[in-house]
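So this block is final38.txt, compact mmCIF, C-alpha atoms:
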```txt
# COMPACT_ATOMS: atom_id res chain seq x y z
CA LEU A 1 19.37 -4.63 -6.57
CA THR A 2 17.61 -3.34 -9.69
CA THR A 3 17.81 0.19 -8.26
CA SER A 4 21.53 0.09 -9.01
CA LEU A 5 20.66 -0.26 -12.71
CA ALA A 6 18.64 2.98 -12.82
CA THR A 7 19.90 5.35 -15.49
CA ASN A 8 17.59 8.32 -14.87
CA PHE A 9 15.35 9.82 -12.21
CA GLU A 10 12.14 8.24 -13.53
CA THR A 11 13.63 4.74 -13.47
CA LEU A 12 15.01 5.32 -9.98
CA VAL A 13 11.58 6.37 -8.68
CA ALA A 14 9.95 3.31 -10.26
CA MET A 15 12.48 0.98 -8.66
CA ARG A 16 12.12 2.60 -5.24
CA PHE A 17 8.34 2.38 -5.57
CA ALA A 18 8.66 -1.38 -6.05
CA VAL A 19 10.84 -1.58 -2.93
CA GLY A 20 7.88 -0.29 -0.93
CA PHE A 21 5.97 -3.51 -1.56
CA GLY A 22 8.74 -5.50 0.10
CA VAL A 23 8.90 -3.14 3.05
CA GLY A 24 5.16 -3.58 3.58
CA GLY A 25 5.64 -7.28 4.34
CA ALA A 26 8.39 -6.74 6.89
CA SER A 27 5.89 -6.72 9.76
CA VAL A 28 4.62 -10.26 9.10
CA PRO A 29 7.53 -12.23 10.70
CA PHE A 30 7.37 -9.85 13.69
CA ASP A 31 3.68 -10.62 14.20
CA VAL A 32 4.24 -14.37 13.86
CA PHE A 33 7.06 -14.27 16.42
CA ALA A 34 4.77 -12.39 18.82
CA GLU A 35 2.25 -15.24 18.70
CA PHE A 36 4.82 -17.77 19.94
CA LEU A 37 5.90 -15.77 22.99
CA PRO A 38 4.41 -15.96 26.52
CA ASN A 39 2.35 -13.00 27.70
CA THR A 40 4.71 -12.10 30.54
CA ASP A 41 7.91 -11.73 28.49
CA ARG A 42 6.57 -10.96 25.04
CA GLY A 43 7.59 -7.30 24.98
CA LYS A 44 11.17 -7.90 26.04
CA ASN A 45 11.74 -10.78 23.63
CA LEU A 46 10.21 -8.92 20.70
CA LEU A 47 12.51 -5.99 21.36
CA TYR A 48 15.62 -8.15 21.04
CA ILE A 49 14.88 -8.21 17.29
CA GLU A 50 15.28 -4.45 17.20
CA TYR A 51 18.98 -4.77 17.98
CA PHE A 52 19.38 -6.29 14.52
CA TRP A 53 17.61 -3.24 13.05
CA THR A 54 20.08 -1.06 14.94
CA ALA A 55 22.99 -3.13 13.63
CA GLY A 56 21.71 -2.46 10.12
CA THR A 57 21.37 1.25 10.89
CA LEU A 58 24.95 1.42 12.15
CA SER A 59 26.22 -0.38 9.06
CA VAL A 60 24.68 2.17 6.66
CA PRO A 61 27.15 5.04 7.29
CA LEU A 62 30.02 2.54 7.26
CA LEU A 63 28.92 1.15 3.90
CA ALA A 64 28.34 4.67 2.61
CA ARG A 65 31.84 5.73 3.62
CA LEU A 66 33.36 2.72 1.91
CA SER A 67 31.31 2.84 -1.29
CA ILE A 68 30.31 6.48 -1.81
CA GLY A 69 33.03 8.37 0.02
CA ASP A 70 33.02 11.98 -1.11
CA GLY A 71 31.13 11.12 -4.28
CA ILE A 72 34.07 12.03 -6.50
CA SER A 73 37.14 9.93 -5.78
CA GLY A 74 35.92 6.66 -7.22
CA GLY A 75 32.72 6.60 -5.18
CA SER A 76 29.74 4.62 -6.44
CA TRP A 77 26.17 4.99 -5.20
CA GLN A 78 25.30 1.88 -7.22
CA LEU A 79 27.72 -0.17 -5.14
CA PHE A 80 26.18 1.31 -1.99
CA VAL A 81 22.70 0.20 -3.09
CA ILE A 82 23.93 -3.30 -3.88
CA LEU A 83 25.65 -3.66 -0.50
CA CYS A 84 22.48 -2.52 1.28
CA ALA A 85 20.34 -4.96 -0.72
CA LEU A 86 22.38 -8.07 0.09
CA PRO A 87 21.19 -8.38 3.73
CA CYS A 88 17.60 -7.96 2.51
CA LEU A 89 18.00 -10.84 0.09
CA ALA A 90 19.56 -12.99 2.80
CA SER A 91 16.67 -12.16 5.15
CA ALA A 92 14.11 -13.11 2.52
CA ILE A 93 15.74 -16.48 1.91
CA LEU A 94 16.13 -17.24 5.63
CA GLY A 95 12.54 -16.14 6.25
CA VAL A 96 11.18 -18.59 3.71
CA ILE A 97 13.24 -21.40 5.25
CA PHE A 98 12.81 -20.75 8.98
CA VAL A 99 9.74 -18.58 9.66
CA PRO A 100 6.68 -20.83 10.23
CA GLU A 101 3.11 -20.03 9.35
CA SER A 102 1.01 -18.54 12.13
CA PRO A 103 -0.78 -21.39 13.97
CA ARG A 104 -3.48 -18.91 15.03
CA TRP A 105 -4.09 -17.99 11.41
CA LEU A 106 -4.14 -21.66 10.39
CA LEU A 107 -6.78 -22.37 13.04
CA ALA A 108 -8.78 -19.38 11.87
CA GLN A 109 -8.70 -20.94 8.39
CA GLY A 110 -9.84 -24.31 9.76
CA GLN A 111 -6.44 -25.96 9.15
CA SER A 112 -5.98 -27.55 12.57
CA VAL A 113 -3.68 -30.34 11.32
CA GLU A 114 -1.25 -27.82 9.85
CA ALA A 115 -1.45 -25.71 13.02
CA MET A 116 -0.58 -28.74 15.14
CA ALA A 117 2.43 -29.48 12.91
CA VAL A 118 3.75 -25.95 13.45
CA LEU A 119 3.36 -26.27 17.24
CA ARG A 120 5.12 -29.64 17.33
CA ARG A 121 7.98 -28.23 15.27
CA ALA A 122 8.30 -25.31 17.71
CA ALA A 123 8.33 -27.69 20.67
CA LYS A 124 11.04 -29.83 19.08
CA GLU A 125 13.24 -26.81 18.26
CA ASN A 126 12.94 -25.69 21.90
CA GLY A 127 14.20 -29.02 23.22
CA HIS A 128 10.87 -30.61 24.17
CA ASP A 129 9.27 -33.85 23.07
CA PRO A 130 6.49 -32.68 20.72
CA HIS A 131 4.50 -35.87 21.20
CA VAL A 132 4.46 -35.37 24.98
CA LEU A 133 3.32 -31.76 24.80
CA PHE A 134 0.98 -32.40 21.88
CA PRO A 135 0.01 -36.11 21.86
CA LYS A 136 -1.78 -37.63 18.88
CA THR A 137 -5.03 -37.70 20.83
CA MET A 138 -4.95 -33.92 21.31
CA GLN A 139 -7.22 -31.94 19.04
CA LEU A 140 -6.92 -28.22 18.45
CA GLU A 141 -10.15 -26.32 18.33
CA ALA A 142 -10.87 -25.55 14.68
CA HIS A 143 -12.52 -22.23 13.96
CA ASP A 144 -14.66 -21.44 11.00
CA GLU A 145 -12.78 -19.79 8.16
CA GLU A 146 -12.58 -16.07 8.75
CA GLU A 147 -12.20 -13.50 6.02
CA SER A 148 -11.03 -9.99 6.77
CA GLY A 149 -9.99 -6.92 4.88
CA VAL A 150 -9.12 -3.29 5.28
CA CYS A 151 -12.78 -2.35 5.74
CA ASP A 152 -12.95 -4.52 8.87
CA LEU A 153 -10.48 -2.17 10.53
CA LEU A 154 -13.20 0.48 10.40
CA ALA A 155 -15.79 -1.68 12.14
CA PRO A 156 -17.16 0.05 15.28
CA ARG A 157 -15.13 -2.11 17.68
CA TRP A 158 -11.78 -1.49 15.97
CA ARG A 159 -12.28 1.99 14.52
CA LYS A 160 -10.76 3.89 17.45
CA ILE A 161 -7.68 1.66 17.58
CA SER A 162 -7.24 1.84 13.81
CA PHE A 163 -7.33 5.63 13.66
CA ALA A 164 -4.97 5.88 16.64
CA LEU A 165 -2.57 3.38 15.02
CA TRP A 166 -2.56 5.30 11.74
CA ALA A 167 -1.86 8.59 13.49
CA VAL A 168 0.97 7.08 15.53
CA TYR A 169 2.54 5.25 12.59
CA PHE A 170 2.43 8.36 10.42
CA GLY A 171 3.99 10.40 13.22
CA TYR A 172 6.68 7.91 14.17
CA SER A 173 7.78 7.33 10.58
CA PHE A 174 7.80 11.06 9.82
CA ALA A 175 9.74 11.70 13.03
CA TYR A 176 12.19 8.79 12.66
CA TYR A 177 13.17 9.40 9.05
CA GLY A 178 12.87 13.16 9.40
CA THR A 179 15.35 12.99 12.26
CA ILE A 180 17.79 10.97 10.17
CA LEU A 181 17.55 13.53 7.36
CA ALA A 182 17.97 16.44 9.77
CA VAL A 183 21.02 14.86 11.41
CA THR A 184 22.54 14.09 8.01
CA ARG A 185 21.88 17.65 6.85
CA VAL A 186 23.56 19.15 9.91
CA PHE A 187 26.60 16.92 9.54
CA ASP A 188 26.99 17.65 5.84
CA ASP A 189 29.78 20.23 5.79
CA GLU A 190 28.55 22.33 2.90
CA SER A 191 31.25 24.90 3.29
CA THR A 192 33.91 22.39 2.32
CA SER A 193 32.01 20.37 -0.27
CA THR A 194 33.70 20.11 -3.60
CA ALA A 195 32.77 19.91 -7.23
CA GLN A 196 34.32 18.10 -10.11
CA VAL A 197 36.64 20.27 -12.15
CA GLY A 198 35.02 21.25 -15.41
CA GLY A 199 31.73 19.65 -14.45
CA ASP A 200 28.61 20.34 -12.46
CA ALA A 201 28.52 17.24 -10.25
CA ALA A 202 28.85 18.20 -6.62
CA GLY A 203 30.73 16.01 -4.21
CA TYR A 204 29.75 15.05 -0.69
CA ASN A 205 31.43 15.87 2.55
CA PHE A 206 29.33 14.06 5.13
CA ASN A 207 30.81 13.79 8.58
CA TYR A 208 30.49 10.01 8.66
CA SER A 209 32.01 9.79 12.14
CA ALA A 210 29.36 12.11 13.63
CA ILE A 211 26.55 10.31 11.82
CA LEU A 212 27.80 6.93 13.08
CA LYS A 213 28.10 8.19 16.67
CA SER A 214 24.58 9.59 16.61
CA SER A 215 23.24 6.35 15.10
CA ALA A 216 24.66 4.46 18.08
CA GLY A 217 21.97 6.17 20.14
CA GLU A 218 19.56 3.56 18.81
CA VAL A 219 21.29 0.95 20.97
CA LEU A 220 20.49 3.05 24.04
CA GLY A 221 16.90 3.63 22.88
CA THR A 222 16.24 -0.08 22.36
CA THR A 223 17.81 -0.97 25.72
CA LEU A 224 15.74 1.68 27.49
CA VAL A 225 12.49 0.27 26.13
CA VAL A 226 13.57 -3.31 26.91
CA MET A 227 13.76 -2.23 30.56
CA LEU A 228 10.48 -0.27 30.51
CA VAL A 229 7.98 -2.00 28.26
CA ASP A 230 7.10 -4.92 30.58
CA ARG A 231 7.55 -2.95 33.79
CA VAL A 232 5.65 0.29 33.18
CA GLY A 233 3.61 -0.83 30.17
CA ARG A 234 3.39 -0.25 26.42
CA VAL A 235 1.43 3.01 26.49
CA PRO A 236 3.56 4.89 29.08
CA SER A 237 6.74 3.75 27.28
CA GLN A 238 5.49 5.12 23.96
CA MET A 239 4.25 8.39 25.39
CA PHE A 240 7.49 9.02 27.29
CA CYS A 241 9.77 8.25 24.34
CA TYR A 242 7.70 10.24 21.81
CA ALA A 243 7.59 13.23 24.17
CA MET A 244 11.33 13.11 24.84
CA GLY A 245 12.00 12.57 21.15
CA GLY A 246 10.05 15.71 20.29
CA LEU A 247 11.88 17.80 22.88
CA SER A 248 15.24 16.39 21.80
CA VAL A 249 14.80 17.02 18.08
CA PHE A 250 13.44 20.51 18.80
CA THR A 251 16.52 21.31 20.89
CA PHE A 252 18.85 19.77 18.29
CA CYS A 253 17.39 21.75 15.38
CA TRP A 254 17.36 25.06 17.26
CA TYR A 255 20.90 24.62 18.53
CA ALA A 256 22.12 23.62 15.05
CA ALA A 257 20.71 26.90 13.70
CA TYR A 258 23.32 28.90 15.62
CA GLU A 259 26.44 29.67 13.60
CA ASN A 260 28.92 28.89 16.38
CA SER A 261 27.26 25.72 17.67
CA SER A 262 29.64 23.14 19.11
CA ARG A 263 30.06 19.99 17.04
CA SER A 264 30.45 17.89 20.20
CA VAL A 265 27.16 19.19 21.62
CA LEU A 266 25.44 18.54 18.29
CA VAL A 267 26.68 14.95 18.29
CA LEU A 268 25.40 14.47 21.85
CA LEU A 269 21.99 15.93 21.01
CA ALA A 270 21.78 13.84 17.83
CA PHE A 271 22.65 10.75 19.90
CA LEU A 272 19.76 11.48 22.27
CA VAL A 273 17.36 12.20 19.42
CA ARG A 274 18.14 8.88 17.74
CA ALA A 275 17.83 7.09 21.09
CA PHE A 276 14.32 8.38 21.82
CA GLU A 277 13.11 8.00 18.23
CA MET A 278 14.25 4.37 18.22
CA GLY A 279 12.78 3.73 21.66
CA SER A 280 9.38 5.09 20.69
CA SER A 281 9.21 3.13 17.44
CA CYS A 282 10.25 -0.07 19.27
CA ALA A 283 7.49 0.36 21.85
CA THR A 284 4.93 0.92 19.09
CA ASP A 285 6.13 -2.14 17.18
CA VAL A 286 5.64 -4.29 20.30
CA SER A 287 2.19 -2.89 21.01
CA THR A 288 0.79 -3.20 17.48
CA PRO A 289 0.40 -7.00 17.12
CA GLU A 290 -1.16 -7.16 20.59
CA LEU A 291 -3.91 -4.68 19.79
CA LEU A 292 -5.72 -6.58 17.04
CA PRO A 293 -7.23 -10.09 16.79
CA THR A 294 -5.66 -12.79 14.63
CA LYS A 295 -7.87 -12.20 11.60
CA LEU A 296 -6.97 -8.48 11.52
CA ARG A 297 -3.45 -8.52 12.93
CA THR A 298 -1.40 -8.75 9.77
CA THR A 299 -3.81 -6.60 7.75
CA GLY A 300 -3.88 -3.94 10.44
CA HIS A 301 -0.13 -3.91 10.87
CA SER A 302 0.43 -3.74 7.10
CA VAL A 303 -2.03 -0.86 6.65
CA ALA A 304 -0.34 1.01 9.52
CA SER A 305 3.02 0.39 7.84
CA ALA A 306 1.63 1.81 4.60
CA ILE A 307 0.56 4.94 6.48
CA ALA A 308 4.08 5.07 7.90
CA ARG A 309 5.50 5.04 4.37
CA LEU A 310 3.38 8.11 3.66
CA GLY A 311 5.06 9.88 6.57
CA ALA A 312 8.47 8.83 5.31
CA LEU A 313 7.53 10.11 1.84
CA LEU A 314 6.51 13.55 3.09
CA CYS A 315 9.29 14.26 5.59
CA PRO A 316 11.97 15.11 2.96
CA PHE A 317 9.82 18.06 1.86
CA LEU A 318 10.11 19.45 5.39
CA VAL A 319 13.79 18.69 5.95
CA ALA A 320 14.85 20.48 2.78
CA GLU A 321 17.84 22.76 2.41
CA SER A 322 15.51 25.73 1.98
CA THR A 323 13.72 25.13 5.30
CA PRO A 324 15.26 26.87 8.34
CA MET A 325 16.37 24.47 11.05
CA LYS A 326 14.25 26.26 13.66
CA THR A 327 11.15 25.72 11.52
CA ILE A 328 12.00 22.04 11.16
CA GLY A 329 12.38 21.73 14.92
CA ALA A 330 9.05 23.43 15.64
CA ILE A 331 7.11 21.31 13.14
CA MET A 332 8.76 18.10 14.34
CA LEU A 333 7.81 18.98 17.92
CA CYS A 334 4.16 19.44 16.87
CA ILE A 335 4.18 16.08 15.07
CA HIS A 336 5.54 14.41 18.19
CA ILE A 337 2.80 15.99 20.32
CA VAL A 338 0.12 14.61 17.99
CA THR A 339 1.84 11.20 18.11
CA VAL A 340 1.85 11.24 21.92
CA LEU A 341 -1.89 11.97 21.87
CA GLY A 342 -2.45 9.09 19.45
CA ALA A 343 -0.48 6.66 21.61
CA SER A 344 -2.49 7.75 24.65
CA GLN A 345 -5.59 6.29 22.97
CA PHE A 346 -4.15 2.77 22.90
CA PRO A 347 -5.45 0.31 25.49
CA GLU A 348 -2.71 -1.18 27.65
CA THR A 349 -1.77 -4.69 26.47
CA SER A 350 1.08 -5.59 28.82
CA GLY A 351 0.59 -9.10 30.20
CA LEU A 352 -2.54 -9.78 28.13
CA ALA A 353 -3.06 -12.53 25.58
CA MET A 354 -2.75 -11.53 21.94
CA GLY A 355 -5.72 -9.49 20.75
CA ARG A 356 -7.39 -9.45 24.20
CA VAL A 357 -7.42 -5.70 24.63
CA LYS A 358 -9.45 -3.88 27.25
CA ASN A 359 -11.51 -0.73 26.96
CA VAL A 360 -11.85 -0.84 23.19
```

Let me see whether you can do it: turn the structure in this file into structure tokens.
Amino acid sequence: LTTSLATNFETLVAMRFAVGFGVGGASVPFDVFAEFLPNTDRGKNLLYIEYFWTAGTLSVPLLARLSIGDGISGGSWQLFVILCALPCLASAILGVIFVPESPRWLLAQGQSVEAMAVLRRAAKENGHDPHVLFPKTMQLEAHDEEESGVCDLLAPRWRKISFALWAVYFGYSFAYYGTILAVTRVFDDESTSTAQVGGDAAGYNFNYSAILKSSAGEVLGTTLVVMLVDRVGRVPSQMFCYAMGGLSVFTFCWYAAYENSSRSVLVLLAFLVRAFEMGSSCATDVSTPELLPTKLRTTGHSVASAIARLGALLCPFLVAESTPMKTIGAIMLCIHIVTVLGASQFPETSGLAMGRVKNV
């Protein structure tokens, strides 16, 4: 919300920097939810959350069209920022009210009574008698308090997974947000953009319809991974989607470089690109909490998310107006290849208990 109050570039950057701290914590509820799910259906149920992400993605061009418009006729980017911030505030409030503490973490901290209370609450909310499933005589095994930090991710046992995670998260964030920027750039009709009379403020002429149609590809991508992730596994799902995402964005960028390219074909290619980028990121999100033990899970996921923010920070320098579309496509393809190689280093976690990876 405070971003809407920015009056200059420096203030805007400071506000957006603060937003990054909130984004870093977005993985915590996902990890907690993963701990409550059975091994056999964990992937599928985790992926249902991603449909809400897609709903948010689809709402962005709609909100932009309503609030920003062409940037001249009464449009307001401040209103756009406020509208986008409201769901985040609602999520924060609902998270505090409804998201429980991780019972695994509580046990790791030696708080077995609190862990039992969380389990009984979960049983009650799922229509079971908590005192039958967890009678008063039942005792949860209390572990000694465990401390962990970023340095533990570099311990010999977890070093390979950590480096692979960082490479994949950097690649998927660079690819995901780079794709969004590339699609937006292609569907920005520069030839018909306008400028305010007597001023130097340029207007916008985004093809909101094309951007919305391409964004709908995320629904297909999420659905595809829902069908694959528990059947063929986490690693094959990631490798397939990252590989197809790289080929799709390469084809999209090279085709967009031609002067007489068909708008309908561009929309179709953009739809496929968004589908595979979303599918690959969904598969990685499911795999991540399963790779690390309880004491490292949230720390590892948060560090990987921070690496992802670095990828998101750098991608606008590639997808700049001065960079030829063919160059963008070639570099994006290379980044996808590296990401596929990183994902290939993950151990398969389908059907395993949380943190019980093989071949580490």

### Task
Pick out the residues sitting within 10 Å of A:Ser173, and hand them over as a VMD selection string; count only C-alpha atoms, and ignore anything fewer than 4 positions along from it in its own chain.
chain A and resid 168 to 169 177 to 179 277 281 305 307 to 315

#### Entry: Residues near stretch 125-136 of chain A, cut-off 8 Å, only C-alpha atoms, skip fewer than 5 positions along chain, as a list in words
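These residues fall inside the cut-off: Met116, Leu119 and Arg120 of chain A.
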
### Message
Between atom CA of A:Ser215 and atom CA of A:Leu58, what distance in Å does the model show, to one decimal?
### Response
6.0 Å

#### Entry: stretch 334-345 of chain A environment, 12 Å, all atoms listed in the file, sequence neighbours closer than 3 positions dropped, as a PyMOL selection string
chain A and resi 159-176+178-179+233-250+276-277+280-281+283-285+287-288+291+311+315+318+327-331+348+358-360

### Message
If I take atom CA of A:Glu259 and atom CA of A:Asp188, how far is one from the other in Å, to one decimal?
### Response
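Computing the Euclidean distance for atom CA of A:Glu259 and atom CA of A:Asp188 yields 14.3 Å.
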